[in-house]
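Enquirer: Got a structure for you, run_36.csv, holding CSV, C-alpha atoms.
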chain,number,residue,atom,x,y,z
O,1,SER,CA,67.4,87.1,96.4
O,2,GLN,CA,69.2,86.1,99.6
O,3,GLN,CA,72.6,87.5,100.4
O,4,GLY,CA,73.7,84.9,102.9
O,5,GLU,CA,73.8,81.1,102.7
O,6,GLU,CA,74.2,78.9,105.7
O,7,ASP,CA,75.8,75.5,105.7
O,8,PRO,CA,74.9,72.8,106.6
O,9,GLN,CA,71.2,73.0,105.9
O,10,ALA,CA,70.5,70.6,108.7
O,11,LEU,CA,72.6,69.4,111.6
O,12,SER,CA,71.8,66.7,114.2
O,13,ILE,CA,73.9,66.3,117.3
O,14,GLN,CA,73.7,64.9,120.9
O,15,GLU,CA,73.5,67.0,124.0
O,16,GLY,CA,76.9,68.1,125.2
O,17,GLU,CA,78.4,68.2,121.7
O,18,ASN,CA,79.5,71.3,119.9
O,19,ALA,CA,77.5,72.6,116.9
O,20,THR,CA,79.2,74.6,114.2
O,21,MET,CA,77.3,76.3,111.4
O,22,ASN,CA,78.7,78.5,108.6
O,23,CYS,CA,77.4,81.5,106.7
O,24,SER,CA,78.7,82.8,103.4
O,25,TYR,CA,77.6,86.1,101.8
O,26,LYS,CA,78.2,87.8,98.5
O,27,THR,CA,78.7,91.5,98.9
O,28,SER,CA,80.7,93.7,101.3
O,29,ILE,CA,79.0,94.2,104.7
O,30,ASN,CA,79.3,96.5,107.6
O,31,ASN,CA,77.9,94.1,110.2
O,32,LEU,CA,76.7,90.5,110.4
O,33,GLN,CA,74.2,89.2,112.9
O,34,TRP,CA,73.0,85.7,114.0
O,35,TYR,CA,69.4,84.9,114.9
O,36,ARG,CA,67.6,81.9,116.3
O,37,GLN,CA,64.1,80.9,115.3
O,38,ASN,CA,62.1,78.2,117.2
O,39,SER,CA,59.5,76.2,115.4
O,40,GLY,CA,58.7,78.8,112.6
O,41,ARG,CA,58.0,81.6,115.1
O,42,GLY,CA,59.7,84.9,115.8
O,43,LEU,CA,63.4,85.4,115.6
O,44,VAL,CA,65.7,86.1,118.5
O,45,HIS,CA,68.8,88.1,118.2
O,46,LEU,CA,71.9,86.2,119.3
O,47,ILE,CA,75.0,88.3,118.5
O,48,LEU,CA,76.3,91.0,116.2
O,49,ILE,CA,79.8,91.2,114.8
O,50,ARG,CA,81.2,94.2,113.1
O,51,SER,CA,83.2,94.0,109.9
O,52,ASN,CA,86.4,95.1,111.8
O,53,GLU,CA,86.0,92.3,114.4
O,54,ARG,CA,87.2,88.8,113.9
O,55,GLU,CA,85.7,87.0,116.8
O,56,LYS,CA,83.1,87.6,119.4
O,57,HIS,CA,81.8,85.5,122.4
O,58,SER,CA,78.5,85.5,124.2
O,59,GLY,CA,78.0,82.8,126.8
O,60,ARG,CA,78.2,79.4,124.9
O,61,LEU,CA,78.2,81.2,121.6
O,62,ARG,CA,81.3,82.0,119.6
O,63,VAL,CA,81.1,83.9,116.3
O,64,THR,CA,84.0,84.4,113.8
O,65,LEU,CA,84.0,86.6,110.8
O,66,ASP,CA,86.4,86.4,107.8
O,67,THR,CA,85.7,89.4,105.5
O,68,SER,CA,88.3,88.2,103.0
O,69,LYS,CA,86.4,85.0,102.5
O,70,LYS,CA,83.0,86.6,103.0
O,71,SER,CA,82.1,84.0,105.6
O,72,SER,CA,81.1,83.7,109.3
O,73,SER,CA,80.7,80.8,111.6
O,74,LEU,CA,78.6,80.3,114.7
O,75,LEU,CA,79.8,77.8,117.3
O,76,ILE,CA,77.5,76.6,120.1
O,77,THR,CA,79.4,74.8,122.8
O,78,ALA,CA,78.0,72.1,125.1
O,79,SER,CA,74.7,72.0,123.2
O,80,ARG,CA,71.4,71.4,125.0
O,81,ALA,CA,68.1,70.1,123.8
O,82,ALA,CA,66.8,73.7,124.2
O,83,ASP,CA,69.2,74.8,121.5
O,84,THR,CA,67.1,72.9,118.9
O,85,ALA,CA,66.0,75.7,116.4
O,86,SER,CA,66.8,77.2,113.1
O,87,TYR,CA,69.8,79.6,113.0
O,88,PHE,CA,70.1,82.4,110.5
O,89,CYS,CA,72.8,84.8,109.6
O,90,ALA,CA,71.8,88.3,108.5
O,91,THR,CA,73.8,91.1,106.9
O,92,ASP,CA,73.0,94.7,106.1
O,93,ALA,CA,71.2,94.7,102.8
O,94,PRO,CA,72.7,96.9,100.1
O,95,ASN,CA,70.3,99.7,99.0
O,96,SER,CA,67.6,98.7,101.4
O,97,GLY,CA,68.1,101.1,104.2
O,98,TYR,CA,68.8,99.4,107.5
O,99,ALA,CA,67.0,96.1,106.6
O,100,LEU,CA,68.3,92.7,107.4
O,101,ASN,CA,69.3,90.3,104.6
O,102,PHE,CA,68.9,86.7,105.8
O,103,GLY,CA,70.2,83.4,104.5
O,104,LYS,CA,68.1,80.2,104.3
O,105,GLY,CA,69.2,79.0,107.7
O,106,THR,CA,70.6,75.9,109.4
O,107,SER,CA,68.2,73.6,111.2
O,108,LEU,CA,69.8,72.3,114.4
O,109,LEU,CA,68.4,69.3,116.2
O,110,VAL,CA,70.0,68.5,119.6
O,111,THR,CA,68.9,65.1,121.0
O,112,PRO,CA,69.1,64.1,124.7
T,1,GLU,CA,59.3,87.9,125.3
T,2,THR,CA,60.4,90.7,122.9
T,3,GLY,CA,57.5,93.1,123.7
T,4,VAL,CA,56.4,92.9,120.0
T,5,THR,CA,53.0,91.4,119.3
T,6,GLN,CA,51.3,90.5,116.1
T,7,SER,CA,47.7,89.7,115.2
T,8,PRO,CA,46.2,87.5,114.1
T,9,THR,CA,48.3,84.4,114.8
T,10,HIS,CA,46.8,82.5,111.8
T,11,LEU,CA,44.8,83.6,108.9
T,12,ILE,CA,43.3,81.8,105.9
T,13,LYS,CA,42.2,83.9,102.8
T,14,THR,CA,41.2,83.2,99.3
T,15,ARG,CA,43.1,84.2,96.2
T,16,GLY,CA,42.2,87.7,95.1
T,17,GLN,CA,41.2,88.9,98.6
T,18,GLN,CA,42.8,91.6,100.6
T,19,VAL,CA,44.4,91.2,104.1
T,20,THR,CA,45.6,93.4,106.9
T,21,LEU,CA,48.2,92.2,109.4
T,22,ARG,CA,48.9,94.1,112.6
T,23,CYS,CA,52.0,94.7,114.7
T,24,SER,CA,52.4,96.4,118.0
T,25,SER,CA,56.0,97.5,118.8
T,26,GLN,CA,57.7,98.3,122.0
T,27,SER,CA,57.1,101.9,123.2
T,28,GLY,CA,59.8,104.2,122.0
T,29,HIS,CA,60.7,102.0,119.0
T,30,ASN,CA,60.5,104.4,116.0
T,31,THR,CA,61.4,101.8,113.3
T,32,VAL,CA,59.3,98.9,112.2
T,33,SER,CA,60.2,96.4,109.5
T,34,TRP,CA,58.2,93.7,107.8
T,35,TYR,CA,59.5,90.4,106.5
T,36,GLN,CA,57.9,87.5,104.6
T,37,GLN,CA,59.2,84.0,105.3
T,38,ALA,CA,58.2,81.2,103.0
T,39,LEU,CA,58.3,77.7,104.3
T,40,GLY,CA,61.9,76.5,104.5
T,41,GLN,CA,63.4,79.9,103.6
T,42,GLY,CA,64.9,82.8,105.4
T,43,PRO,CA,62.9,86.0,106.0
T,44,GLN,CA,62.7,88.4,103.0
T,45,PHE,CA,62.6,92.1,103.7
T,46,ILE,CA,59.4,93.8,102.5
T,47,PHE,CA,59.7,97.3,103.7
T,48,GLN,CA,60.6,99.5,106.7
T,49,TYR,CA,59.0,102.5,108.3
T,50,TYR,CA,60.6,105.2,110.4
T,51,ARG,CA,58.4,107.7,112.3
T,52,GLU,CA,55.5,106.9,110.0
T,53,GLU,CA,57.4,107.3,106.7
T,54,GLU,CA,58.5,104.4,104.4
T,55,ASN,CA,62.3,104.3,104.7
T,56,GLY,CA,63.2,101.4,102.4
T,57,ARG,CA,61.6,98.7,100.4
T,58,GLY,CA,62.6,95.2,99.2
T,59,ASN,CA,61.7,93.5,96.0
T,60,PHE,CA,57.9,93.3,96.6
T,61,PRO,CA,55.2,94.7,94.3
T,62,PRO,CA,53.0,97.7,95.2
T,63,ARG,CA,50.1,95.5,96.3
T,64,PHE,CA,52.2,95.2,99.5
T,65,SER,CA,51.7,98.4,101.4
T,66,GLY,CA,52.1,99.5,105.0
T,67,LEU,CA,51.3,102.1,107.6
T,68,GLN,CA,52.9,103.1,110.9
T,69,PHE,CA,51.0,105.0,113.5
T,70,PRO,CA,52.2,107.3,116.3
T,71,ASN,CA,51.2,104.8,119.0
T,72,TYR,CA,53.9,102.3,117.8
T,73,SER,CA,51.5,100.1,116.0
T,74,SER,CA,51.7,99.3,112.3
T,75,GLU,CA,49.9,97.4,109.5
T,76,LEU,CA,50.9,95.4,106.5
T,77,ASN,CA,48.3,95.3,103.8
T,78,VAL,CA,48.3,92.9,100.9
T,79,ASN,CA,45.9,93.3,98.0
T,80,ALA,CA,44.9,90.8,95.3
T,81,LEU,CA,46.3,87.9,97.3
T,82,GLU,CA,48.1,85.2,95.3
T,83,LEU,CA,48.9,81.6,96.3
T,84,ASP,CA,52.6,82.5,96.7
T,85,ASP,CA,51.7,85.0,99.4
T,86,SER,CA,51.2,82.1,101.7
T,87,ALA,CA,54.0,82.6,104.3
T,88,LEU,CA,54.8,83.7,107.9
T,89,TYR,CA,54.8,87.4,108.1
T,90,LEU,CA,57.1,88.9,110.7
T,91,CYS,CA,57.4,92.4,112.0
T,92,ALA,CA,60.5,93.7,113.8
T,93,SER,CA,60.9,96.9,115.7
T,94,SER,CA,64.0,98.8,116.8
T,95,ARG,CA,64.7,102.0,118.7
T,96,ASP,CA,66.3,103.8,115.8
T,97,MET,CA,67.2,103.6,112.1
T,98,VAL,CA,70.6,102.0,112.7
T,99,PHE,CA,71.6,98.5,111.5
T,100,THR,CA,73.5,97.8,114.7
T,101,ASP,CA,70.3,98.5,116.8
T,102,THR,CA,68.9,95.2,117.9
T,103,GLN,CA,65.7,94.4,116.1
T,104,TYR,CA,63.0,92.7,118.2
T,105,PHE,CA,60.8,90.3,116.3
T,106,GLY,CA,57.2,89.5,116.9
T,107,PRO,CA,55.9,85.9,116.8
T,108,GLY,CA,54.5,86.3,113.3
T,109,THR,CA,51.3,85.8,111.5
T,110,ARG,CA,50.9,82.6,109.4
T,111,LEU,CA,48.9,83.5,106.3
T,112,THR,CA,47.5,80.8,104.1
T,113,VAL,CA,46.1,81.7,100.7
T,114,LEU,CA,43.8,79.1,99.1
With the file now loaded, output its structure as structure tokens.

Expert:
Amino acid sequence: SQQGEEDPQALSIQEGENATMNCSYKTSINNLQWYRQNSGRGLVHLILIRSNEREKHSGRLRVTLDTSKKSSSLLITASRAADTASYFCATDAPNSGYALNFGKGTSLLVTP
Amino acid sequence: ETGVTQSPTHLIKTRGQQVTLRCSSQSGHNTVSWYQQALGQGPQFIFQYYREEENGRGNFPPRFSGLQFPNYSSELNVNALELDDSALYLCASSRDMVFTDTQYFGPGTRLTVL
């Protein structure tokens, strides 16, 4: 079973616009990570936020974490066509060592 | 480029057969994890190896097994293939056995079971 669930499932925007995707999870976590996947290939690590952090920035990415609501959001500002990809949140998986527990992902399409 | 390679890129097998997928991690990365990603789904954790010992396992049957070698390569073996095993198989390596350590993913092997 998957711990996280991203919303929306799919998002289509134009270049220059901001993209926001959300992730909800079920059990307590220590950390949450966001990954990007292009065309069903390998995943690329974007950002990690710890449970005692509320917001983190990396370039055009902004991640927030609300542990009371068990949710996180990823904001991509000034989107580019190259941002077209699937985005996944991943949490530490209970009772599975140091494995990542992924949601189903948000598919982002950025059109020129 | 993450420095993690996987082979083969694509593979077609028949139900009931056995398959071995290979992963080559970055030098110095002692942890390797394997994930199964069905179409339209997020990756599902299969198992993890640390210094050649299995360190954790997800909800997968024993016909999924693995090996990790001292030269930072590893294998995923699947016996008695079923149609539902069709998926993208991803390996990920990290320096150590810590969740906050960045995991570097390979490009994956696309397995189709007919």

Enquirer: Compile the contact shell of Cys91 (chain T) as a PDB file with C-alpha atoms, in the coordinates of the input: residues with an atom at most 6 Å away, counting only C-alpha atoms, same-chain residues fewer than 4 positions apart removed.

Expert:
ATOM      1  CA  SER T  33      60.200  96.400 109.500  1.00  0.00           C
ATOM      2  CA  TRP T  34      58.200  93.700 107.800  1.00  0.00           C
ATOM      3  CA  PHE T 105      60.800  90.300 116.300  1.00  0.00           C
ATOM      4  CA  GLY T 106      57.200  89.500 116.900  1.00  0.00           C
TER       5      GLY T 106
END

Enquirer: Please check the contacts: residues of chain O at most 12 Å away from chain T, using only C-alpha atoms, listed as a PyMOL selection string.

Expert: chain O and resi 1-6+9-10+29-51+86-107

Enquirer: Which residues come within 9 Å of Val78 (chain T), counting all atoms listed in the file, excluding same-chain residues fewer than 3 positions away, as a list in words?

Expert: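 Contacts, with the query itself left out: Gln17, Gln18, Val19, Thr20, Leu21, Pro62, Arg63, Phe64, Ser65, Gly66, Leu81 and Asp85 of chain T.
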
Enquirer: Given the choices T:Leu114, T:Lys13, T:Phe60, T:Tyr72, which gets closest to Gln26 (chain T) if the distance is worked out from all atoms listed in the file?

Expert: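 Looking only at the distances to Gln26 (chain T), the closest residue turns out to be T:Tyr72.
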
Enquirer: In Å to one decimal, how far is CA of Ser72 (chain O) from CA of Glu53 (chain O)?

Expert: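 Result for CA of Glu53 (chain O) versus CA of Ser72 (chain O): 11.1 Å, one decimal.
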
Enquirer: Which distance in Å separates CA of Gln6 (chain T) and CA of Asn30 (chain T), to one decimal?

Expert: 16.7 Å

Enquirer: Report the distance between CA of Arg80 (chain O) and CA of Leu61 (chain O) in Å, rounded to one decimal place.

Expert: 12.4 Å

Enquirer: Show which residues sit within 9 Å of Ile13 (chain O), as a ChimeraX atom specification. Count all atoms listed in the file, and ignore same-chain residues fewer than 3 positions away.

Expert: /O:16-19,79,108-111

Enquirer: Which residue, O:Lys26, O:Ser12, O:Ser58, O:Ser73, has the smallest gap to Ala85 (chain O) when you use all atoms listed in the file?

Expert: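 Using all atoms listed in the file, Ala85 (chain O) sits closest to O:Ser12.
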
Enquirer: At a cut-off of 9 Å from (90.0, 92.9, 109.8) in the coordinates of the file, what residues are picked up using all atoms listed in the file, written as a list in words?

Expert: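 Residues close enough to count: Ser51, Asn52, Glu53, Arg54, Leu65, Asp66, Thr67 and Ser68 of chain O.
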